[in-house]
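Chemist: There's a structure below that I have some questions on.
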Amino acid sequence: MMFTDVVFYVLAAILLLSGLRVITTRNPVHAALFLVLAFFTAAGIWLLLQAEFLAIALILVYVGAVMVLFLFVVMMLDINIDKLREGFWEYLPMAGTIGLLMIVEMGMVLAEKNLRPSQAVTLPPNYSNTAELGKVLYTDYLLPFELASVVLLVAMIAAIVLTLRDRKDSKSMNPADQVKVKRNDRLRIISMPAEVEPEHVAPEEEK
Amino acid sequence: MDNMQFDLLTLLPEMVVLAMAMFILLLDLFILPQNRFIIYGLSQFTLFAAAFFTFKTHTPAVGFAFNHMFIDDTLADVIKLMMYLGTSLIFVYTRKYLQDRNLYRGEFYAMVLFGLLGMMIMVSGHSMLTIYMGLELLSLCLYSLVAFDRDNKQASEAAMKYFVLGALASGMLLYGMSMLYGMTGSLDVADIANSIMQHQGKSPVMIMGLVFVVAGIAFKFGAVPFQMWVPDVYQGAPTPMTLIIGSVPKLAAYAMTVRLLVQGLHPLAQDWQDMMLLMAVLSIVIGNFSAIVQTNLKRMLAYSTISHVGFIMFGFMSANANGFASSFFYISTYVLMSIAGFGIILLLSRQGFEAEQIDDLKGLNQKNPWIAFLMLIIMFSMAGIPPTVGFYAKFTVLQAAWQAGFTWAVVSAVLMAVIGAFYYLNIVRKMYFDAPVGSQVAITAPMDMRFILSVHALGLLGLGLFPESLLGVCGRSLLMSLQ
C-alpha cells in the first residue's frame with residue numbers, strides 16, 4: 001500500500017464521519033462546522049487527484065464564503081432545532097428502505113468491471129491543472145461560461161425583486177427631496193383676524 | 001477561433017434577446033410608472049426583432065457555433081419562431097391583469113425575456129452542458145416569476161415548492177448527464193450517440209444515467225410520476241405566471257427531449273421507449289381522473305396538462321420520425337390551446353376578482369355570449385372534438401403509436417380521452433345551461449386583448465379545418481434535423 005492510499009483512506013474516513021455528523025448532531029452550529037470539515041477533507045482528496053484548482057476553489061468558495069455566511073444565519077436565527085426534529089425518526093422505515101435500495105443499486109453498478117480504470121493516468125511533471133482549466137474555459141467552453149454569467153445576473157435580479165420593498169414604516173430619508181423642499185410645502189399661512197372679540201354669552205338661567 | 005465572426009452571427013437572435021432584456025431592465029429605472037407602456041412596446045419589439053433575425057439567418061443547412069456547443073438547424077428555428085409567437089401572446093393577455101394588481105413592472109418583462117433566452121439555448125443546445133445551462137436559466141426565471149407577487153402567500157408557497165422540487169429535478173438530470181459523460185467521454189450530443197454505437201454494449205452505468213436523464217425530462221414536462229408539483233404550482237401562482245409556466249416552456253422541454261433522447265441517446269431507444277410508455281399511460285390515466293373532481297379551473301387545467309403531456313410522450317414512445325413529428329404537432333397545438341385557455345381566465349378576471357373557480361363560468365353565455373363561444377372552442381379543442389385542432393393532434397399521436405404497434409396503449413388512451421371529455425364538456429354545460437351567479441359586471445379587458453384572443457381561439461378552429469400546413473412544417477423541420 002502506497003502512502004497516498006493511506007492518506008486517501010484517512011481522508012475518506014473523516015469525510016464520511018463528518019458527513020454523518022452533519023445530519024445527526026443536535027446543534028446546528030456544530031452541523032455547519034462538521035460540514036466545513038467535510039469540505040476540507042474533500043479538498044484534500046481532490047489534491048490527491050492532482051486537481052489543485054478545484055481543491056482551492058472548494059475551500060475559498062464553500063468554506064470561505066458560503067459556510068461563513070451560513071454560520072452567520074444559523075447563529076442569528078434562533079431556531080429551536082428540537083422542535084424541527086419532532087417526528088424525525090418516524091421516517092426511518094421509509095428512508096431506510098430507500099437508502100438500502102440505493103446501496104444495492106450502487107453496489108451493482110460499482111461491481112461492474114468496466115467502471116474500474118485499467119491504469120492510473122500519469123500526468124507530466126509540469127502539468128498545471130489551473131492553467132489547463134483556464135485554457136478550455138475561455139475557448140472550448142466559452143458559451144456555457146457566458147451563459148453562467150447570465151444565470152448569475154438573473155439570480156441577482158430575482159433576489160432584488162423579491163426582497164426590495166418600500167416599507168411604509170421606513171424612517172429612511174431622501175436628501176434630494178429634503179433639499180428640494182419649498183417653504184410652501186411645510187408652512188401654510190392663513191389669514192385670520194388678529195384678535196377675536198369673545199362673544200358675550202348670557203349665562204344660562206337656572207330653572 | 002478564425003470563424004468567430006461567423007459563430008456569433010449564428011447566435012444573433014439570442015444576442016438580440018439578451019441585449020434587449022438588459023436594456024429593458026435598465027430603462028425601467030428611468031421611466032415613470034405611467035409611461036410603462038414603453039417597456040411593454042419594447043418587449044414586443046424585441047420578440048419581433050428576434051423573429052426577424054431568426055427568419056433572416058435561417059438556412060436549410062445545419063450550422064454550428066462555439067465548437068459544436070450550439071446548433072442552428074431548421075427544427076430550432078421553427079421552435080424559436082413558435083416561442084416568439086407564444087411569448088408575444090402572453091404579453092398581450094397578461095398586461096391588464098398585471099396593471100390591476102400592481103405587478104406591471106419592468107422586471108416582469110426582463111425576467112420573461114431572460115427565460116425566453118434560456119429556452120432558446122435549450123432548443124439550440126448541442127452539448128449536454130449548454131442544454132443544462134439553458135434549462136437553469138429558464139428555471140430560475142420561472143421560480144422568481146411565480147414568487148413575483150410577494151405579498152401573495154399562496155404564490156410564495158407555490159414558488160417554494162416549485163423551487164425545491166425543480167432543484168431536485170435539475171440535480172437528477174445533471175447526475176444522469178455526468179454518468180453519460182463518464183461512460184462516453186463527451187458532452188457533445190452527436191459524439192455520445194457515436195460512442196454508444198461503437199461500443200455496442202450497454203453498461204448499467206449508462207442505463208442508470210439514462211434513467212436519471214429521463215426522470216429530469218419528465219419532471220420538466222410534468223409527467224407522472226413526477227407530476228406532484230404541477231397542480232399546486234398552477235393553482236398557487238398568479239394566473240399570468242401559470243400561463244407562462246404552462247405554455248412556452250413545454251416547447252423547450254420538447255426540444256430538450258429531442259436533443260438528449262433522440263439525437264444523443266437514440267442507440268438506447270429500446271430502453272427509454274419502455275419508460276416513455278409507462279409514463280405516457282400513467283399520465284393520461286392519473287391526469288384525467290384527477291381533473292374530473294376539481295372545482296378550481298386552474299387546478300383542473302393543471303391535471304389536464306398532465307394528461308396532455310401523456311399524449312406527447314406517446315409520440316416519443318413510438319421512437320420513429322413519424323412519432324416525433326406527431327409529438328411536435330401536438331405540443332405546438334397544446335401551447336396554443338393552453339395560452340388561449342388561460343387567456344380567457346385572465347380576460348374574465350378584474351381588479352379584486354379572480355375568475356378561477358369553475359363556478360365563476362356559470363351562465364357565461366347569458367352574460368357574454370361571444371366569450372362563452374370562444375371558451376367553447378378552446379374546451380372542444382382540449383377535449384379533442386373533431387372540427388378543432390385538438391382532434392388532429394390526438395389523432396396523429398395515436399396513429400403514430402398504433403403504427404409502431406402499441407395497440408393496448410392506444411386503446412386505453414382513447415378510452416381516457418373520452419373520460420377526459422367529461423370535464424371539458426362540464427365547463428361548456430355550466431356556461432350554457434346554468435344560471436349566472438353574482439351580479440352582472442362588464443368585462444374590463446382592453447380591446448386589443450379581446451380582439452387577439454378572438455382571432456387566437458378562432459385560429460384553433462381554423463387550424464382544425466386546415467391542419468396540413470402546421471403538420472407539414474412540424475414533419476419537415478424534424479426530418480431536416482434528424483437525418
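Letters for chains follow the order of the C-alpha cells (A, B, ...), residue numbers begin at 1 for each chain, and ligand numbers begin at 1 in the order shown.
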Could you make a table, as CSV, of the residues of chain B that have an atom within 7 Å of an atom of chain A, each with its nearest atom pair and distance in Å to one decimal, counting only C-alpha atoms, in chain and number order?

Modeler:
```
residue,atom,partner,partner_atom,distance
B:Phe66,CA,A:Leu143,CA,6.5
B:Asn67,CA,A:Asp140,CA,6.2
B:Leu129,CA,A:Pro144,CA,6.8
B:Thr130,CA,A:Pro144,CA,5.6
B:Met133,CA,A:Leu147,CA,6.4
B:Leu137,CA,A:Val151,CA,5.2
B:Leu140,CA,A:Ala155,CA,6.9
B:Cys141,CA,A:Val154,CA,7.0
B:Ser144,CA,A:Ala158,CA,5.8
B:Phe148,CA,A:Leu162,CA,6.6
B:Arg150,CA,A:Leu162,CA,6.5
B:Pro204,CA,A:Val109,CA,6.1
B:Val205,CA,A:Val109,CA,6.2
```

Chemist: Using only all heavy atoms, please write the residues we just selected to a file, as a CSV table (one decimal), in the first residue's frame.

Modeler:
```
chain,number,residue,atom,x,y,z
B,66,PHE,N,-19.5,27.8,-31.6
B,66,PHE,CA,-18.8,27.6,-30.3
B,66,PHE,C,-18.5,26.1,-30.2
B,66,PHE,O,-18.9,25.4,-29.2
B,66,PHE,CB,-19.7,28.0,-29.2
B,66,PHE,CG,-19.8,29.5,-29.0
B,66,PHE,CD1,-20.9,30.2,-29.5
B,66,PHE,CD2,-18.7,30.2,-28.4
B,66,PHE,CE1,-20.9,31.6,-29.4
B,66,PHE,CE2,-18.8,31.6,-28.3
B,66,PHE,CZ,-19.9,32.3,-28.8
B,67,ASN,N,-17.7,25.6,-31.1
B,67,ASN,CA,-17.2,24.2,-31.0
B,67,ASN,C,-18.4,23.2,-30.8
B,67,ASN,O,-18.3,22.3,-30.0
B,67,ASN,CB,-16.3,24.0,-29.8
B,67,ASN,CG,-15.0,24.8,-30.0
B,67,ASN,OD1,-14.4,24.7,-31.1
B,67,ASN,ND2,-14.6,25.5,-29.0
B,129,LEU,N,-23.9,20.3,-21.6
B,129,LEU,CA,-23.7,21.4,-20.8
B,129,LEU,C,-24.5,22.6,-21.2
B,129,LEU,O,-25.1,23.3,-20.4
B,129,LEU,CB,-22.2,21.7,-20.8
B,129,LEU,CG,-21.6,22.6,-19.7
B,129,LEU,CD1,-21.9,22.0,-18.4
B,129,LEU,CD2,-20.1,22.8,-19.9
B,130,THR,N,-24.6,22.9,-22.5
B,130,THR,CA,-25.4,24.0,-23.0
B,130,THR,C,-26.8,23.9,-22.6
B,130,THR,O,-27.5,24.8,-22.2
B,130,THR,CB,-25.2,24.2,-24.5
B,130,THR,OG1,-23.9,23.8,-24.9
B,130,THR,CG2,-25.5,25.6,-24.9
B,133,MET,N,-27.4,24.5,-19.0
B,133,MET,CA,-27.3,26.0,-18.7
B,133,MET,C,-28.6,26.7,-19.1
B,133,MET,O,-29.1,27.5,-18.4
B,133,MET,CB,-26.1,26.6,-19.3
B,133,MET,CG,-24.8,26.2,-18.9
B,133,MET,SD,-24.5,26.2,-17.1
B,133,MET,CE,-24.7,28.0,-16.8
B,137,LEU,N,-31.2,28.6,-16.6
B,137,LEU,CA,-31.6,30.0,-16.8
B,137,LEU,C,-33.2,30.1,-16.9
B,137,LEU,O,-33.7,31.0,-16.2
B,137,LEU,CB,-31.0,30.5,-18.2
B,137,LEU,CG,-31.2,31.9,-18.5
B,137,LEU,CD1,-30.8,32.8,-17.4
B,137,LEU,CD2,-30.5,32.2,-19.8
B,140,LEU,N,-34.7,29.3,-13.3
B,140,LEU,CA,-34.5,30.4,-12.3
B,140,LEU,C,-35.5,31.6,-12.6
B,140,LEU,O,-36.1,32.1,-11.7
B,140,LEU,CB,-33.1,30.9,-12.5
B,140,LEU,CG,-32.4,31.4,-11.2
B,140,LEU,CD1,-32.4,30.3,-10.2
B,140,LEU,CD2,-31.0,31.8,-11.5
B,141,CYS,N,-35.7,31.9,-13.9
B,141,CYS,CA,-36.7,32.9,-14.2
B,141,CYS,C,-38.1,32.5,-13.8
B,141,CYS,O,-38.9,33.3,-13.2
B,141,CYS,CB,-36.7,33.2,-15.7
B,141,CYS,SG,-35.2,34.0,-16.2
B,144,SER,N,-38.7,32.7,-9.9
B,144,SER,CA,-38.8,34.0,-9.4
B,144,SER,C,-40.1,34.7,-9.9
B,144,SER,O,-40.7,35.5,-9.3
B,144,SER,CB,-37.6,34.9,-9.7
B,144,SER,OG,-37.3,34.8,-11.1
B,148,PHE,N,-43.2,36.4,-7.8
B,148,PHE,CA,-43.2,37.8,-8.2
B,148,PHE,C,-44.1,38.6,-7.3
B,148,PHE,O,-43.8,39.7,-6.9
B,148,PHE,CB,-43.5,37.9,-9.7
B,148,PHE,CG,-43.0,39.2,-10.3
B,148,PHE,CD1,-41.6,39.4,-10.4
B,148,PHE,CD2,-43.9,40.2,-10.7
B,148,PHE,CE1,-41.2,40.6,-11.0
B,148,PHE,CE2,-43.4,41.3,-11.3
B,148,PHE,CZ,-42.0,41.5,-11.4
B,150,ARG,N,-45.1,39.3,-4.2
B,150,ARG,CA,-44.5,38.8,-3.0
B,150,ARG,C,-45.5,38.8,-1.8
B,150,ARG,O,-45.3,38.0,-0.9
B,150,ARG,CB,-43.4,39.8,-2.6
B,150,ARG,CG,-42.4,39.3,-1.8
B,150,ARG,CD,-41.3,40.4,-1.6
B,150,ARG,NE,-42.0,41.7,-1.9
B,150,ARG,CZ,-41.4,42.8,-2.1
B,150,ARG,NH1,-40.1,42.7,-2.2
B,150,ARG,NH2,-42.0,43.9,-2.3
B,204,PRO,N,-24.5,-1.0,-17.1
B,204,PRO,CA,-25.5,-0.5,-16.2
B,204,PRO,C,-25.4,1.0,-15.9
B,204,PRO,O,-26.4,1.7,-15.6
B,204,PRO,CB,-25.3,-1.3,-14.9
B,204,PRO,CG,-24.5,-2.5,-15.4
B,204,PRO,CD,-23.8,-2.1,-16.6
B,205,VAL,N,-24.1,1.5,-15.9
B,205,VAL,CA,-23.9,2.9,-15.6
B,205,VAL,C,-24.7,3.8,-16.6
B,205,VAL,O,-25.3,4.8,-16.3
B,205,VAL,CB,-22.4,3.3,-15.6
B,205,VAL,CG1,-22.3,4.7,-15.2
B,205,VAL,CG2,-21.7,2.4,-14.6
```

Chemist: List as a list in words the protein and nucleic acid residues near stretch 123-129 of chain A, meaning an atom at most 9 Å away when only C-alpha atoms are counted, but skip any in the same chain fewer than 5 places from it.

Modeler: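 These residues fall inside the cut-off: Gln50, Ala51, Glu52, Phe53, Leu54 and Gly134 of chain A.
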
Chemist: Quick one: pull the distance between atom CA of B:Thr333 and atom CA of B:Val189, Å, one decimal.

Modeler: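 Computing the Euclidean distance for atom CA of B:Thr333 and atom CA of B:Val189 yields 27.6 Å.
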
Chemist: Which of chain A end up as helix (DSSP H, G or I) when DSSP is run on this backbone - answer as a VMD selection string?

Modeler: chain A and resid 3 to 24 28 to 48 52 to 76 81 to 84 88 to 110 113 to 115 129 to 137 142 to 163 175 to 180 183 to 186

Chemist: Expressed in Å to a single decimal, how great is the separation between atom CA of B:Leu465 and atom CA of B:Ser477?

Modeler: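 Atom CA of B:Ser477 lies at a distance of 21.8 Å from atom CA of B:Leu465.
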
Chemist: Please identify all polymer residues within 8 Å of stretch 41-49 of chain A, counting only C-alpha atoms, omitting same-chain residues fewer than 3 positions from it, and present them as JSON, numbers by chain.

Modeler: {"A": [4, 8, 11, 12, 14, 15, 37, 38, 52, 54, 55, 56, 58, 59]}

Chemist: Next, write the just-selected residues to a file, as a PDB file, in the first residue's frame, keeping N, CA, C and O atoms as the atom set.

Modeler:
```
ATOM      1  N   THR A   4       0.036   7.432  -0.544  1.00  0.00           N
ATOM      2  CA  THR A   4      -1.163   8.174  -0.975  1.00  0.00           C
ATOM      3  C   THR A   4      -2.429   7.398  -0.657  1.00  0.00           C
ATOM      4  O   THR A   4      -3.464   7.980  -0.353  1.00  0.00           O
ATOM      5  N   PHE A   8      -5.496   8.712   1.448  1.00  0.00           N
ATOM      6  CA  PHE A   8      -6.854   8.700   0.898  1.00  0.00           C
ATOM      7  C   PHE A   8      -7.839   8.075   1.876  1.00  0.00           C
ATOM      8  O   PHE A   8      -8.906   8.627   2.142  1.00  0.00           O
ATOM      9  N   LEU A  11      -8.504  10.343   4.851  1.00  0.00           N
ATOM     10  CA  LEU A  11      -9.366  11.470   4.475  1.00  0.00           C
ATOM     11  C   LEU A  11     -10.796  11.006   4.226  1.00  0.00           C
ATOM     12  O   LEU A  11     -11.756  11.652   4.654  1.00  0.00           O
ATOM     13  N   ALA A  12     -10.924   9.864   3.549  1.00  0.00           N
ATOM     14  CA  ALA A  12     -12.268   9.377   3.215  1.00  0.00           C
ATOM     15  C   ALA A  12     -13.038   9.036   4.486  1.00  0.00           C
ATOM     16  O   ALA A  12     -14.229   9.338   4.603  1.00  0.00           O
ATOM     17  N   ILE A  14     -12.590  10.362   7.495  1.00  0.00           N
ATOM     18  CA  ILE A  14     -13.004  11.610   8.159  1.00  0.00           C
ATOM     19  C   ILE A  14     -14.189  12.228   7.413  1.00  0.00           C
ATOM     20  O   ILE A  14     -15.150  12.712   8.017  1.00  0.00           O
ATOM     21  N   LEU A  15     -14.133  12.184   6.089  1.00  0.00           N
ATOM     22  CA  LEU A  15     -15.204  12.771   5.275  1.00  0.00           C
ATOM     23  C   LEU A  15     -16.536  12.100   5.567  1.00  0.00           C
ATOM     24  O   LEU A  15     -17.548  12.771   5.811  1.00  0.00           O
ATOM     25  N   LEU A  37     -15.634  20.782   7.913  1.00  0.00           N
ATOM     26  CA  LEU A  37     -14.631  19.716   7.973  1.00  0.00           C
ATOM     27  C   LEU A  37     -14.752  18.795   6.768  1.00  0.00           C
ATOM     28  O   LEU A  37     -13.754  18.395   6.154  1.00  0.00           O
ATOM     29  N   ALA A  38     -15.998  18.484   6.397  1.00  0.00           N
ATOM     30  CA  ALA A  38     -16.217  17.619   5.241  1.00  0.00           C
ATOM     31  C   ALA A  38     -15.651  18.268   3.977  1.00  0.00           C
ATOM     32  O   ALA A  38     -15.014  17.606   3.150  1.00  0.00           O
ATOM     33  N   GLU A  52      -5.704  20.536  -8.204  1.00  0.00           N
ATOM     34  CA  GLU A  52      -5.479  21.523  -7.150  1.00  0.00           C
ATOM     35  C   GLU A  52      -6.411  22.728  -7.289  1.00  0.00           C
ATOM     36  O   GLU A  52      -6.797  23.332  -6.297  1.00  0.00           O
ATOM     37  N   LEU A  54      -9.589  22.818  -8.236  1.00  0.00           N
ATOM     38  CA  LEU A  54     -10.884  22.511  -7.618  1.00  0.00           C
ATOM     39  C   LEU A  54     -10.771  22.511  -6.101  1.00  0.00           C
ATOM     40  O   LEU A  54     -11.661  22.994  -5.395  1.00  0.00           O
ATOM     41  N   ALA A  55      -9.653  21.965  -5.609  1.00  0.00           N
ATOM     42  CA  ALA A  55      -9.477  21.906  -4.159  1.00  0.00           C
ATOM     43  C   ALA A  55      -9.445  23.312  -3.566  1.00  0.00           C
ATOM     44  O   ALA A  55     -10.120  23.602  -2.576  1.00  0.00           O
ATOM     45  N   ILE A  56      -8.666  24.194  -4.216  1.00  0.00           N
ATOM     46  CA  ILE A  56      -8.553  25.551  -3.685  1.00  0.00           C
ATOM     47  C   ILE A  56      -9.885  26.278  -3.811  1.00  0.00           C
ATOM     48  O   ILE A  56     -10.319  26.985  -2.899  1.00  0.00           O
ATOM     49  N   LEU A  58     -12.816  24.999  -3.787  1.00  0.00           N
ATOM     50  CA  LEU A  58     -13.758  24.471  -2.802  1.00  0.00           C
ATOM     51  C   LEU A  58     -13.544  25.158  -1.456  1.00  0.00           C
ATOM     52  O   LEU A  58     -14.502  25.577  -0.797  1.00  0.00           O
ATOM     53  N   ILE A  59     -12.271  25.304  -1.075  1.00  0.00           N
ATOM     54  CA  ILE A  59     -12.001  25.922   0.228  1.00  0.00           C
ATOM     55  C   ILE A  59     -12.332  27.407   0.191  1.00  0.00           C
ATOM     56  O   ILE A  59     -12.992  27.938   1.093  1.00  0.00           O
TER      57      ILE A  59
END
```

Chemist: Would you mind writing down, as a list in words, each residue of stretch 294-450 of chain B that DSSP on the backbone assigns to strand (DSSP E or B)?

Modeler: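 Everything in stretch 294-450 of chain B that counts as strand (DSSP E or B) is Asn296, Arg350, Phe353 and Gln357 of chain B.
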
Chemist: What's around A:His30 at 12 Å? Count only C-alpha atoms, leave out sequence neighbours fewer than 5 positions away in its own chain, and write the answer as a PDB file with N, CA and C atoms, in the first residue's frame.

Modeler:
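And here's around28.pdb as it stands now:
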```
ATOM      1  N   SER A  18     -17.715  12.912   9.200  1.00  0.00           N
ATOM      2  CA  SER A  18     -18.208  14.279   9.380  1.00  0.00           C
ATOM      3  C   SER A  18     -19.509  14.478   8.611  1.00  0.00           C
ATOM      4  N   GLY A  19     -19.634  13.813   7.444  1.00  0.00           N
ATOM      5  CA  GLY A  19     -20.894  13.902   6.704  1.00  0.00           C
ATOM      6  C   GLY A  19     -22.044  13.337   7.520  1.00  0.00           C
ATOM      7  N   ARG A  21     -22.125  13.173  10.797  1.00  0.00           N
ATOM      8  CA  ARG A  21     -22.371  14.045  11.941  1.00  0.00           C
ATOM      9  C   ARG A  21     -23.191  15.274  11.535  1.00  0.00           C
ATOM     10  N   VAL A  22     -23.041  15.709  10.285  1.00  0.00           N
ATOM     11  CA  VAL A  22     -23.792  16.898   9.834  1.00  0.00           C
ATOM     12  C   VAL A  22     -25.279  16.679  10.041  1.00  0.00           C
ATOM     13  N   ILE A  23     -25.740  15.460   9.747  1.00  0.00           N
ATOM     14  CA  ILE A  23     -27.180  15.239   9.850  1.00  0.00           C
ATOM     15  C   ILE A  23     -27.598  14.666  11.193  1.00  0.00           C
ATOM     16  N   THR A  24     -26.646  14.201  12.014  1.00  0.00           N
ATOM     17  CA  THR A  24     -27.087  13.604  13.273  1.00  0.00           C
ATOM     18  C   THR A  24     -26.877  14.532  14.464  1.00  0.00           C
ATOM     19  N   THR A  25     -26.027  15.529  14.356  1.00  0.00           N
ATOM     20  CA  THR A  25     -25.752  16.378  15.516  1.00  0.00           C
ATOM     21  C   THR A  25     -26.960  17.247  15.852  1.00  0.00           C
ATOM     22  N   LEU A  35     -19.744  20.323   8.460  1.00  0.00           N
ATOM     23  CA  LEU A  35     -19.784  20.446   7.005  1.00  0.00           C
ATOM     24  C   LEU A  35     -18.496  21.088   6.502  1.00  0.00           C
ATOM     25  N   VAL A  36     -17.993  22.065   7.263  1.00  0.00           N
ATOM     26  CA  VAL A  36     -16.720  22.691   6.900  1.00  0.00           C
ATOM     27  C   VAL A  36     -15.612  21.640   6.887  1.00  0.00           C
ATOM     28  N   LEU A  37     -15.634  20.782   7.913  1.00  0.00           N
ATOM     29  CA  LEU A  37     -14.631  19.716   7.973  1.00  0.00           C
ATOM     30  C   LEU A  37     -14.752  18.795   6.768  1.00  0.00           C
ATOM     31  N   MET A  67     -20.043  28.894   3.734  1.00  0.00           N
ATOM     32  CA  MET A  67     -20.287  28.357   5.072  1.00  0.00           C
ATOM     33  C   MET A  67     -20.229  29.439   6.145  1.00  0.00           C
ATOM     34  N   PHE A  70     -23.425  31.025   6.108  1.00  0.00           N
ATOM     35  CA  PHE A  70     -24.389  30.092   6.658  1.00  0.00           C
ATOM     36  C   PHE A  70     -24.334  30.087   8.186  1.00  0.00           C
ATOM     37  N   LEU A  71     -23.097  30.119   8.693  1.00  0.00           N
ATOM     38  CA  LEU A  71     -22.930  30.157  10.150  1.00  0.00           C
ATOM     39  C   LEU A  71     -23.566  31.408  10.736  1.00  0.00           C
ATOM     40  N   VAL A  74     -27.268  30.885  10.821  1.00  0.00           N
ATOM     41  CA  VAL A  74     -27.664  29.921  11.857  1.00  0.00           C
ATOM     42  C   VAL A  74     -27.573  30.561  13.236  1.00  0.00           C
ATOM     43  N   MET A  75     -26.504  31.356  13.438  1.00  0.00           N
ATOM     44  CA  MET A  75     -26.341  31.958  14.760  1.00  0.00           C
ATOM     45  C   MET A  75     -27.359  33.060  14.993  1.00  0.00           C
TER      46      MET A  75
END
```
